[in-house]
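Chemist: Sharing model05.cif (mmCIF, C-alpha atoms and all ligand atoms) below.
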```
data_entry
#
loop_
_atom_site.label_atom_id
_atom_site.label_comp_id
_atom_site.auth_asym_id
_atom_site.auth_seq_id
_atom_site.Cartn_x
_atom_site.Cartn_y
_atom_site.Cartn_z
CA MET A 21 10.15 27.31 12.34
CA GLY A 22 13.75 27.00 11.13
CA THR A 23 13.71 27.29 7.31
CA ASP A 24 12.76 29.79 4.63
CA ILE A 25 10.34 27.42 2.89
CA LYS A 26 7.39 29.46 1.63
CA LYS A 27 5.66 27.17 -0.81
CA ILE A 28 5.42 23.39 -0.90
CA GLY A 29 4.19 21.02 -3.59
CA VAL A 30 2.28 17.85 -2.68
CA PHE A 31 1.53 14.91 -4.96
CA THR A 32 0.47 11.28 -5.01
CA SER A 33 2.47 8.78 -7.05
CA GLY A 34 2.54 5.06 -7.90
CA GLY A 35 -0.42 2.87 -6.98
CA ASP A 36 -3.31 4.69 -5.31
CA ALA A 37 -4.33 3.75 -1.79
CA PRO A 38 -7.35 4.64 0.37
CA GLY A 39 -6.39 7.42 2.77
CA MET A 40 -4.28 9.35 0.26
CA ASN A 41 -6.94 12.08 0.21
CA ALA A 42 -6.85 12.31 4.00
CA ALA A 43 -3.07 12.76 3.72
CA ILE A 44 -3.43 15.49 1.05
CA ARG A 45 -5.95 17.25 3.27
CA ALA A 46 -3.62 17.09 6.26
CA VAL A 47 -0.65 18.43 4.27
CA VAL A 48 -2.68 21.30 2.80
CA ARG A 49 -4.22 22.29 6.14
CA ALA A 50 -0.95 21.97 8.08
CA ALA A 51 0.65 24.24 5.48
CA ALA A 52 -2.20 26.74 5.84
CA TYR A 53 -1.88 26.57 9.63
CA HIS A 54 1.83 27.44 9.37
CA LYS A 55 1.10 30.12 6.73
CA ILE A 56 2.87 28.28 3.93
CA ASP A 57 1.51 28.18 0.37
CA CYS A 58 0.64 24.76 -1.00
CA LEU A 59 0.38 23.64 -4.61
CA GLY A 60 -1.18 20.32 -5.60
CA ILE A 61 0.77 18.58 -8.34
CA TYR A 62 -1.50 16.42 -10.52
CA ARG A 63 -0.61 12.89 -11.75
CA GLY A 64 2.61 12.53 -9.78
CA TYR A 65 5.92 13.06 -11.57
CA GLU A 66 4.13 13.18 -14.91
CA GLY A 67 2.21 16.31 -13.89
CA MET A 68 5.36 17.78 -12.37
CA ILE A 69 7.10 17.58 -15.75
CA GLU A 70 4.09 19.20 -17.43
CA GLY A 71 3.61 21.89 -14.76
CA ASP A 72 0.09 20.61 -13.95
CA PHE A 73 -0.24 22.47 -10.63
CA LYS A 74 -3.15 23.95 -8.68
CA HIS A 75 -3.09 26.22 -5.69
CA LEU A 76 -4.77 24.49 -2.74
CA THR A 77 -6.23 26.28 0.26
CA ALA A 78 -7.64 24.84 3.47
CA ARG A 79 -11.09 25.01 1.80
CA SER A 80 -9.96 23.17 -1.36
CA VAL A 81 -9.76 19.97 0.64
CA ASN A 82 -13.20 20.05 2.23
CA ASN A 83 -15.07 16.73 2.24
CA ILE A 84 -12.27 14.53 0.96
CA ILE A 85 -11.15 12.81 4.18
CA ASN A 86 -13.75 10.08 3.58
CA LYS A 87 -13.01 9.50 -0.11
CA GLY A 88 -11.01 6.65 -1.66
CA GLY A 89 -8.55 7.18 -4.53
CA THR A 90 -6.70 10.48 -4.82
CA ILE A 91 -8.08 13.87 -5.92
CA LEU A 92 -4.62 14.72 -7.27
CA LYS A 93 -4.64 11.54 -9.44
CA SER A 94 -1.64 9.29 -9.65
CA ALA A 95 0.64 8.09 -12.42
CA ARG A 96 3.76 6.12 -13.18
CA SER A 97 6.12 8.34 -15.18
CA VAL A 98 8.66 6.91 -17.60
CA ALA A 99 9.96 10.40 -18.47
CA PHE A 100 10.89 11.13 -14.83
CA ARG A 101 13.31 8.20 -14.93
CA THR A 102 15.41 10.21 -17.47
CA PRO A 103 17.70 13.18 -16.59
CA GLU A 104 15.90 15.29 -19.22
CA GLY A 105 12.51 14.56 -17.65
CA ARG A 106 13.75 15.46 -14.18
CA GLN A 107 15.33 18.70 -15.52
CA GLN A 108 11.94 19.67 -17.01
CA ALA A 109 10.27 18.86 -13.68
CA TYR A 110 12.78 21.01 -11.83
CA ASP A 111 12.29 23.92 -14.26
CA GLN A 112 8.52 23.73 -13.63
CA LEU A 113 9.04 23.80 -9.85
CA VAL A 114 11.35 26.83 -10.13
CA LYS A 115 8.78 28.60 -12.33
CA ALA A 116 6.05 27.92 -9.75
CA GLU A 117 8.40 28.90 -6.88
CA ILE A 118 7.97 25.57 -5.10
CA ASP A 119 10.63 25.24 -2.38
CA ALA A 120 9.98 21.68 -1.13
CA LEU A 121 8.05 18.52 -1.97
CA VAL A 122 5.79 16.13 -0.05
CA ILE A 123 5.59 12.75 -1.83
CA ILE A 124 2.69 10.47 -0.95
CA GLY A 125 3.45 7.05 -2.45
CA GLY A 126 5.42 3.83 -2.30
CA ASP A 127 9.10 2.95 -2.42
CA GLY A 128 9.39 3.62 -6.17
CA SER A 129 8.07 7.15 -5.70
CA PHE A 130 10.54 7.70 -2.84
CA HIS A 131 13.36 6.44 -5.03
CA GLY A 132 12.43 9.03 -7.66
CA GLY A 133 12.32 11.70 -4.93
CA MET A 134 15.78 10.76 -3.66
CA VAL A 135 17.31 10.90 -7.14
CA PHE A 136 15.65 14.30 -7.69
CA GLN A 137 16.81 15.64 -4.34
CA ASN A 138 20.40 14.56 -5.05
CA GLU A 139 20.38 16.25 -8.45
CA PHE A 140 18.65 19.53 -7.59
CA ASN A 141 18.95 19.81 -3.83
CA ILE A 142 15.25 20.45 -3.29
CA PRO A 143 14.00 19.26 0.12
CA VAL A 144 11.73 16.20 -0.10
CA ILE A 145 9.77 14.26 2.48
CA GLY A 146 7.87 11.02 1.99
CA ILE A 147 4.52 9.83 3.35
CA PRO A 148 4.08 6.07 2.88
CA GLY A 149 0.86 5.42 0.95
CA THR A 150 0.45 1.88 -0.34
CA ILE A 151 -1.91 -0.96 0.51
CA ASP A 152 0.95 -3.49 0.62
CA ASN A 153 2.51 -2.29 3.92
CA ASP A 154 5.92 -3.13 2.44
CA ILE A 155 7.91 -0.08 3.52
CA ASP A 156 10.69 -0.10 6.07
CA GLY A 157 10.56 2.66 8.74
CA THR A 158 6.88 2.40 9.60
CA ASN A 159 4.66 -0.25 11.17
CA TYR A 160 1.77 0.81 8.94
CA THR A 161 1.40 2.45 5.55
CA ILE A 162 -1.68 4.47 4.59
CA GLY A 163 -4.27 2.25 2.89
CA TYR A 164 -3.19 -1.07 4.38
CA ASP A 165 -5.81 -1.18 7.12
CA THR A 166 -8.60 -0.32 4.68
CA ALA A 167 -7.41 -2.98 2.22
CA LEU A 168 -7.38 -5.58 5.01
CA ASN A 169 -10.95 -4.74 5.93
CA THR A 170 -12.02 -4.86 2.29
CA VAL A 171 -10.43 -8.29 1.83
CA VAL A 172 -11.92 -9.69 5.04
CA GLU A 173 -15.37 -8.47 4.04
CA ALA A 174 -15.02 -10.05 0.58
CA ILE A 175 -13.87 -13.39 2.03
CA ASP A 176 -16.77 -13.38 4.51
CA LYS A 177 -19.13 -13.15 1.53
CA ILE A 178 -17.29 -15.86 -0.37
CA ARG A 179 -17.52 -18.10 2.67
CA ASP A 180 -21.31 -17.80 2.64
CA THR A 181 -21.47 -19.29 -0.82
CA ALA A 182 -18.62 -21.75 -0.15
CA SER A 183 -20.42 -23.24 2.83
CA SER A 184 -23.79 -23.35 1.05
CA HIS A 185 -22.29 -25.50 -1.72
CA ARG A 186 -19.62 -27.35 0.32
CA ARG A 187 -16.90 -25.91 -1.89
CA LEU A 188 -13.24 -25.07 -1.65
CA PHE A 189 -12.36 -21.51 -2.68
CA PHE A 190 -8.96 -20.15 -3.59
CA VAL A 191 -9.02 -16.40 -3.06
CA GLU A 192 -6.18 -14.41 -4.62
CA VAL A 193 -5.27 -11.16 -2.90
CA MET A 194 -2.69 -8.46 -3.70
CA GLY A 195 0.94 -8.98 -2.70
CA ARG A 196 3.55 -9.82 -5.36
CA ASP A 197 6.52 -9.65 -3.02
CA VAL A 198 4.96 -9.43 0.42
CA GLY A 199 2.24 -11.45 2.12
CA HIS A 200 1.03 -8.98 4.76
CA ILE A 201 -2.44 -8.63 3.25
CA ALA A 202 -2.79 -12.40 2.68
CA LEU A 203 -1.61 -13.33 6.16
CA ASN A 204 -3.53 -10.75 8.18
CA ALA A 205 -6.75 -10.85 6.18
CA GLY A 206 -6.47 -14.65 6.05
CA VAL A 207 -6.29 -14.92 9.82
CA GLY A 208 -9.01 -12.28 10.20
CA ALA A 209 -11.34 -14.18 7.88
CA GLY A 210 -10.52 -17.58 9.37
CA ALA A 211 -8.92 -19.02 6.22
CA GLU A 212 -7.94 -22.70 6.34
CA GLU A 213 -4.62 -22.07 4.57
CA ILE A 214 -2.64 -18.97 3.66
CA LEU A 215 0.02 -18.94 0.94
CA VAL A 216 2.49 -16.04 1.01
CA PRO A 217 5.51 -15.01 -1.09
CA GLU A 218 7.92 -15.24 1.86
CA GLU A 219 7.50 -18.93 2.77
CA ASP A 220 7.14 -22.05 0.67
CA LEU A 221 4.91 -24.26 2.78
CA GLY A 222 4.78 -26.84 -0.01
CA LEU A 223 1.96 -28.28 -2.07
CA ASP A 224 2.00 -31.58 -0.13
CA ARG A 225 1.27 -29.72 3.05
CA LEU A 226 -1.61 -27.92 1.35
CA LEU A 227 -3.12 -31.23 0.23
CA GLU A 228 -2.68 -32.77 3.69
CA SER A 229 -4.29 -29.78 5.34
CA LEU A 230 -7.27 -29.82 2.98
CA LYS A 231 -7.71 -33.56 3.42
CA ARG A 232 -7.62 -33.12 7.20
CA SER A 233 -10.23 -30.33 6.96
CA LYS A 234 -12.55 -32.64 5.07
CA ASP A 235 -11.91 -35.59 7.39
CA THR A 236 -12.62 -33.54 10.49
CA GLY A 237 -15.99 -32.47 9.16
CA LYS A 238 -15.46 -29.02 7.62
CA SER A 239 -18.03 -28.40 4.93
CA SER A 240 -16.13 -25.65 3.11
CA SER A 241 -12.64 -24.26 2.97
CA ILE A 242 -11.01 -20.98 2.04
CA VAL A 243 -7.38 -20.78 0.94
CA VAL A 244 -5.99 -17.25 0.69
CA VAL A 245 -3.21 -16.91 -1.88
CA ALA A 246 -0.98 -13.84 -2.34
CA GLU A 247 -0.28 -12.98 -6.00
CA GLY A 248 3.38 -13.84 -5.53
CA ASP A 249 2.88 -17.13 -3.67
CA LYS A 250 6.22 -18.86 -3.03
CA THR A 251 5.13 -22.21 -4.48
CA GLY A 252 5.41 -20.40 -7.84
CA ASN A 253 1.91 -21.45 -8.90
CA ASN A 254 -0.77 -18.99 -9.73
CA VAL A 255 -4.19 -19.45 -8.22
CA PHE A 256 -5.56 -21.30 -11.28
CA GLU A 257 -2.64 -23.74 -11.32
CA LEU A 258 -3.23 -24.37 -7.62
CA ARG A 259 -6.88 -25.13 -8.34
CA ASP A 260 -5.90 -27.62 -11.08
CA TYR A 261 -3.37 -29.29 -8.80
CA VAL A 262 -5.80 -29.70 -5.94
CA GLU A 263 -8.61 -30.93 -8.20
CA ALA A 264 -6.23 -33.49 -9.72
CA HIS A 265 -5.18 -34.82 -6.30
CA LEU A 266 -8.30 -34.42 -4.18
CA LYS A 267 -11.25 -35.64 -6.21
CA GLU A 268 -13.63 -34.99 -3.34
CA TYR A 269 -13.22 -31.23 -3.67
CA GLU A 270 -15.05 -28.94 -6.05
CA VAL A 271 -12.77 -25.92 -6.33
CA ARG A 272 -13.61 -22.34 -7.26
CA VAL A 273 -11.29 -19.37 -7.72
CA SER A 274 -11.92 -15.75 -6.85
CA VAL A 275 -9.39 -13.06 -7.78
CA LEU A 276 -10.16 -9.95 -5.76
CA GLY A 277 -8.03 -7.63 -7.92
CA HIS A 278 -8.36 -3.87 -7.94
CA MET A 279 -11.38 -3.70 -5.63
CA GLN A 280 -8.77 -4.06 -2.86
CA ARG A 281 -7.49 -0.55 -3.60
CA GLY A 282 -10.86 1.15 -3.54
CA GLY A 283 -13.43 2.31 -1.05
CA ALA A 284 -13.67 4.80 1.78
CA PRO A 285 -10.62 4.74 4.06
CA SER A 286 -11.00 3.14 7.48
CA CYS A 287 -10.90 5.32 10.58
CA TYR A 288 -7.39 4.00 11.29
CA ASP A 289 -6.13 5.09 7.87
CA ARG A 290 -7.76 8.52 8.18
CA VAL A 291 -6.13 9.14 11.54
CA LEU A 292 -2.76 7.79 10.37
CA ALA A 293 -2.88 9.96 7.22
CA SER A 294 -3.82 13.03 9.27
CA ARG A 295 -0.93 12.52 11.67
CA MET A 296 1.54 11.82 8.88
CA GLY A 297 0.49 14.87 6.87
CA VAL A 298 0.97 17.23 9.80
CA LYS A 299 4.28 15.59 10.75
CA ALA A 300 5.55 15.85 7.15
CA VAL A 301 4.89 19.59 6.86
CA GLU A 302 6.28 20.39 10.31
CA SER A 303 9.38 18.27 9.66
CA LEU A 304 10.07 20.12 6.41
CA LEU A 305 9.71 23.44 8.22
CA GLU A 306 12.13 22.22 10.89
CA GLY A 307 14.70 21.61 8.15
CA HIS A 308 14.41 17.83 7.71
CA ASN A 309 15.04 16.54 4.23
CA ASN A 310 15.30 13.20 2.42
CA VAL A 311 13.29 11.47 5.14
CA MET A 312 10.05 9.54 5.42
CA VAL A 313 7.40 9.94 8.09
CA GLY A 314 6.44 6.72 9.82
CA THR A 315 4.70 5.33 12.84
CA ILE A 316 6.58 2.96 15.14
CA ASN A 317 4.83 1.77 18.29
CA ASN A 318 2.23 4.49 17.68
CA GLN A 319 4.85 7.29 17.81
CA MET A 320 5.49 9.48 14.76
CA VAL A 321 9.09 9.04 13.60
CA LEU A 322 11.36 10.06 10.73
CA SER A 323 13.72 7.71 8.92
CA PRO A 324 16.03 8.19 5.92
CA LEU A 325 14.23 7.77 2.59
CA GLU A 326 17.10 5.51 1.63
CA ASN A 327 15.99 2.92 4.20
CA ALA A 328 12.45 2.96 2.85
CA VAL A 329 13.78 2.40 -0.66
CA LYS A 330 16.24 -0.35 0.22
CA GLY A 331 14.45 -1.92 3.13
CA SER A 332 12.43 -5.08 3.16
CA THR A 333 9.73 -5.95 5.65
CA GLN A 334 9.47 -9.35 7.35
CA ILE A 335 6.52 -11.68 7.45
CA ASN A 336 5.11 -12.16 10.95
CA HIS A 337 6.06 -15.73 11.90
CA GLU A 338 4.05 -15.63 15.10
CA LEU A 339 0.94 -14.93 13.03
CA LEU A 340 1.76 -17.77 10.63
CA ARG A 341 1.90 -20.08 13.69
CA VAL A 342 -1.38 -18.69 15.02
CA SER A 343 -2.98 -19.44 11.67
CA ASP A 344 -1.62 -23.00 11.76
CA ILE A 345 -2.96 -23.63 15.25
CA LEU A 346 -6.40 -22.19 14.57
CA THR A 347 -7.05 -24.21 11.43
CA ILE A 348 -6.90 -27.50 13.32
P1 LIG A 401 3.44 1.07 -5.43
O1 LIG A 401 4.06 0.57 -4.15
O2 LIG A 401 1.98 1.18 -5.34
O3 LIG A 401 3.92 0.34 -6.66
P2 LIG A 401 5.43 3.05 -6.00
O4 LIG A 401 5.61 4.43 -5.50
O5 LIG A 401 6.44 2.03 -5.57
O6 LIG A 401 3.95 2.59 -5.61
P3 LIG A 401 6.44 2.99 -8.75
O7 LIG A 401 5.70 2.82 -10.03
O8 LIG A 401 7.51 2.00 -8.41
O9 LIG A 401 5.33 3.08 -7.60
O10 LIG A 401 7.13 4.44 -8.75
C1 LIG A 401 6.35 5.60 -9.07
C2 LIG A 401 7.13 6.51 -9.98
O11 LIG A 401 8.33 6.97 -9.34
C3 LIG A 401 7.63 5.87 -11.28
O12 LIG A 401 6.63 5.79 -12.28
C4 LIG A 401 8.74 6.83 -11.68
O13 LIG A 401 8.23 7.97 -12.33
C5 LIG A 401 9.33 7.26 -10.32
N1 LIG A 401 10.55 6.49 -10.05
C6 LIG A 401 10.64 5.28 -9.49
N2 LIG A 401 11.94 4.87 -9.40
C7 LIG A 401 12.67 5.87 -9.96
C8 LIG A 401 14.06 6.08 -10.19
N3 LIG A 401 14.98 5.17 -9.86
N4 LIG A 401 14.45 7.24 -10.76
C9 LIG A 401 13.54 8.17 -11.10
N5 LIG A 401 12.22 8.03 -10.92
C10 LIG A 401 11.78 6.91 -10.36
#
```
Go ahead and express the file in the form of structure tokens.
Ligand code: ATP
Modeler:
Amino acid sequence: MGTDIKKIGVFTSGGDAPGMNAAIRAVVRAAAYHKIDCLGIYRGYEGMIEGDFKHLTARSVNNIINKGGTILKSARSVAFRTPEGRQQAYDQLVKAEIDALVIIGGDGSFHGGMVFQNEFNIPVIGIPGTIDNDIDGTNYTIGYDTALNTVVEAIDKIRDTASSHRRLFFVEVMGRDVGHIALNAGVGAGAEEILVPEEDLGLDRLLESLKRSKDTGKSSSIVVVAEGDKTGNNVFELRDYVEAHLKEYEVRVSVLGHMQRGGAPSCYDRVLASRMGVKAVESLLEGHNNVMVGTINNQMVLSPLENAVKGSTQINHELLRVSDILTI
């Protein structure tokens, strides 16, 4: 292919997501296939600064496609946000003769990569790995599908106990700025109401909807709440508000928390990660730089890293309407 890249470094950075290992595996094996050396960089930018590298061969990544988390570990690095930290990182890459970087992470990690590329002119390519699905330039990020399945499974279990005791449950799911997990898992689990950061549906509407549920004979209700719900209330405040206004309800709260990041990746995430890893390595070898690999309409595409960093994704209004209709 068209460049003189001989050795690449791959790392995972920011929040971990299921499927990151499948992406590492794909990058390492695609490099081996194209006879390029590959170094794993441990703990993201933090390990880059410290020179925490390990040579990875096609056999180093046996039996990891099915594993959650990341074998390379992840970190958030304060030092990399400073010019001195990035200079140290660059010196370590030069010492290890790394010619190009594959970043598996979220928009913050891509931002760091862009700054680094601008300063030192080292080719970088991003693979979107985050459960939030909040990155412009791809329909899906690695880990999102698995997280959705994890949340749906958890809500199914909560519903068993909710219906046995005729209770109302507020279930908090991840999503400070975006409600993709809340909306999709909420519809998938048949939630009565879904509260997302993008839309303020209002507390009155929530009360009306819950009253209607009770009046029409529902014995239990599930309300899915994203961490960053637009009403500005956290899940415990919502519980207090509903209990104060609807005496007939006994309300319980379940915060799903970090379990949403864990577990074996779904088949979809494994396939997506495999495709993205191969595309990332081949794109670097073709001379692409400062871009992110994505999937749009099931085609692998490249888009400027800058878009991924600046972009914002939209909530699916059609799905919000579907949810409204189905909770009649
Ligand atoms: P998630 O979506 O799970 O939060 P992320 O990749 O967005 O993942 P961040 O913590 O925002 O996670 O970023 C990861 C790391 O990238 C930071 O800890 C920091 O080291 C580096 N980074 C982020 N922004 C910058 C920046 N502007 N300049 C230099 N480095 C940065």
Chemist: Set the distance at 12 Å and use all atoms listed in the file: which residues neighbour Lys238 in chain A once local chain neighbours fewer than 3 positions away are removed? I'd like the list as number ranges by chain.
Modeler: A: 182-183, 186-188, 212, 229-235, 241-242, 269, 347-348
Chemist: What is the distance between CA of Met312 in chain A and CA of Asn336 in chain A, in Å to one decimal?
Modeler: 22.9 Å
Chemist: Within 8 Å of ligand LIG 401 (chain A), which residues of chain A show up? Give each one with its shortest atom-to-atom distance in Å (one decimal) and the two atoms involved, counting all atoms listed in the file, rows by chain then rising residue number, as JSON lines.
Modeler:
```
{"residue": "A:Ser33", "atom": "CA", "partner": "A:LIG401", "partner_atom": "C1", "distance": 5.4}
{"residue": "A:Gly34", "atom": "CA", "partner": "A:LIG401", "partner_atom": "O9", "distance": 3.4}
{"residue": "A:Gly35", "atom": "CA", "partner": "A:LIG401", "partner_atom": "O2", "distance": 3.4}
{"residue": "A:Asp36", "atom": "CA", "partner": "A:LIG401", "partner_atom": "O2", "distance": 6.3}
{"residue": "A:Ala37", "atom": "CA", "partner": "A:LIG401", "partner_atom": "O2", "distance": 7.7}
{"residue": "A:Gly64", "atom": "CA", "partner": "A:LIG401", "partner_atom": "C2", "distance": 7.5}
{"residue": "A:Tyr65", "atom": "CA", "partner": "A:LIG401", "partner_atom": "O13", "distance": 5.6}
{"residue": "A:Glu66", "atom": "CA", "partner": "A:LIG401", "partner_atom": "O13", "distance": 7.1}
{"residue": "A:Ala95", "atom": "CA", "partner": "A:LIG401", "partner_atom": "O12", "distance": 6.4}
{"residue": "A:Arg96", "atom": "CA", "partner": "A:LIG401", "partner_atom": "O12", "distance": 3.0}
{"residue": "A:Ser97", "atom": "CA", "partner": "A:LIG401", "partner_atom": "O13", "distance": 3.6}
{"residue": "A:Val98", "atom": "CA", "partner": "A:LIG401", "partner_atom": "O13", "distance": 5.4}
{"residue": "A:Ala99", "atom": "CA", "partner": "A:LIG401", "partner_atom": "O13", "distance": 6.8}
{"residue": "A:Phe100", "atom": "CA", "partner": "A:LIG401", "partner_atom": "O13", "distance": 4.8}
{"residue": "A:Arg101", "atom": "CA", "partner": "A:LIG401", "partner_atom": "C9", "distance": 3.8}
{"residue": "A:Thr102", "atom": "CA", "partner": "A:LIG401", "partner_atom": "C9", "distance": 6.9}
{"residue": "A:Arg106", "atom": "CA", "partner": "A:LIG401", "partner_atom": "C9", "distance": 7.9}
{"residue": "A:Gly125", "atom": "CA", "partner": "A:LIG401", "partner_atom": "O4", "distance": 4.6}
{"residue": "A:Gly126", "atom": "CA", "partner": "A:LIG401", "partner_atom": "O4", "distance": 3.3}
{"residue": "A:Asp127", "atom": "CA", "partner": "A:LIG401", "partner_atom": "O5", "distance": 4.2}
{"residue": "A:Gly128", "atom": "CA", "partner": "A:LIG401", "partner_atom": "O8", "distance": 3.3}
{"residue": "A:Ser129", "atom": "CA", "partner": "A:LIG401", "partner_atom": "O11", "distance": 3.7}
{"residue": "A:Phe130", "atom": "CA", "partner": "A:LIG401", "partner_atom": "O4", "distance": 6.5}
{"residue": "A:His131", "atom": "CA", "partner": "A:LIG401", "partner_atom": "N2", "distance": 4.9}
{"residue": "A:Gly132", "atom": "CA", "partner": "A:LIG401", "partner_atom": "N5", "distance": 3.4}
{"residue": "A:Gly133", "atom": "CA", "partner": "A:LIG401", "partner_atom": "N5", "distance": 7.0}
{"residue": "A:Val135", "atom": "CA", "partner": "A:LIG401", "partner_atom": "N4", "distance": 5.9}
{"residue": "A:Phe136", "atom": "CA", "partner": "A:LIG401", "partner_atom": "C9", "distance": 7.3}
{"residue": "A:Gly149", "atom": "CA", "partner": "A:LIG401", "partner_atom": "O2", "distance": 7.7}
{"residue": "A:Thr150", "atom": "CA", "partner": "A:LIG401", "partner_atom": "O2", "distance": 5.3}
{"residue": "A:Ile151", "atom": "CA", "partner": "A:LIG401", "partner_atom": "O2", "distance": 7.3}
{"residue": "A:Asp152", "atom": "CA", "partner": "A:LIG401", "partner_atom": "O1", "distance": 7.0}
{"residue": "A:Asp154", "atom": "CA", "partner": "A:LIG401", "partner_atom": "O1", "distance": 7.8}
```
Chemist: Which residues are close to Asp111 in chain A, i.e. within 10 Å by all atoms listed in the file, leaving aside same-chain residues fewer than 6 positions away? Reply as a PyMOL selection string.
Modeler: chain A and resi 68-71+105+117
Chemist: Next, write the just-selected residues to a file, as a PDB file, in the frame of the given file, keeping C-alpha atoms as the atom set.
Modeler:
```
ATOM      1  CA  MET A  68       5.360  17.780 -12.370  1.00  0.00           C
ATOM      2  CA  ILE A  69       7.100  17.580 -15.750  1.00  0.00           C
ATOM      3  CA  GLU A  70       4.090  19.200 -17.430  1.00  0.00           C
ATOM      4  CA  GLY A  71       3.610  21.890 -14.760  1.00  0.00           C
ATOM      5  CA  GLY A 105      12.510  14.560 -17.650  1.00  0.00           C
ATOM      6  CA  GLU A 117       8.400  28.900  -6.880  1.00  0.00           C
TER       7      GLU A 117
END
```
Chemist: Between CA of Lys27 in chain A and CA of Leu92 in chain A, what is the spacing in Å?
Modeler: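 Answer for the CA of Leu92 in chain A to CA of Lys27 in chain A separation: 17.4 Å.
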Chemist: Restricting the calculation to all atoms listed in the file, which member of A:Leu340, A:Ala174, A:Cys58, A:Val321 is positioned closest to Val122 in chain A?
Modeler: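 So, comparing all the options, the nearest one is A:Cys58.
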Chemist: Counting only C-alpha atoms, figure out which residue out of A:Gln280, A:Thr236, A:Asn310, A:Gln137 gets nearest to Gln107 in chain A.
Modeler: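 Selected residue with least distance to Gln107 in chain A: A:Gln137.
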Chemist: Under the rule of at most 10 Å, produce a per-residue listing of range 141-200 of chain A near range 255-262 of chain A: chain, number, name, the closest pair of atoms, and the distance in Å, as JSON lines, using all atoms listed in the file.
Modeler:
```
{"residue": "A:Leu188", "atom": "CA", "partner": "A:Arg259", "partner_atom": "CA", "distance": 9.2}
{"residue": "A:Phe189", "atom": "CA", "partner": "A:Arg259", "partner_atom": "CA", "distance": 8.7}
{"residue": "A:Phe190", "atom": "CA", "partner": "A:Val255", "partner_atom": "CA", "distance": 6.7}
{"residue": "A:Val191", "atom": "CA", "partner": "A:Val255", "partner_atom": "CA", "distance": 7.7}
{"residue": "A:Glu192", "atom": "CA", "partner": "A:Val255", "partner_atom": "CA", "distance": 6.5}
{"residue": "A:Val193", "atom": "CA", "partner": "A:Val255", "partner_atom": "CA", "distance": 9.9}
```
Chemist: Please dump the current selection as an mmCIF file, keeping the file's coordinate frame; keep C-alpha atoms.
Modeler:
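Now in out-v5.cif:
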```
data_model
loop_
_atom_site.group_PDB
_atom_site.id
_atom_site.type_symbol
_atom_site.label_atom_id
_atom_site.label_comp_id
_atom_site.auth_asym_id
_atom_site.auth_seq_id
_atom_site.Cartn_x
_atom_site.Cartn_y
_atom_site.Cartn_z
ATOM 1 C CA LEU A 188 -13.240 -25.070 -1.650
ATOM 2 C CA PHE A 189 -12.360 -21.510 -2.680
ATOM 3 C CA PHE A 190 -8.960 -20.150 -3.590
ATOM 4 C CA VAL A 191 -9.020 -16.400 -3.060
ATOM 5 C CA GLU A 192 -6.180 -14.410 -4.620
ATOM 6 C CA VAL A 193 -5.270 -11.160 -2.900
#
```
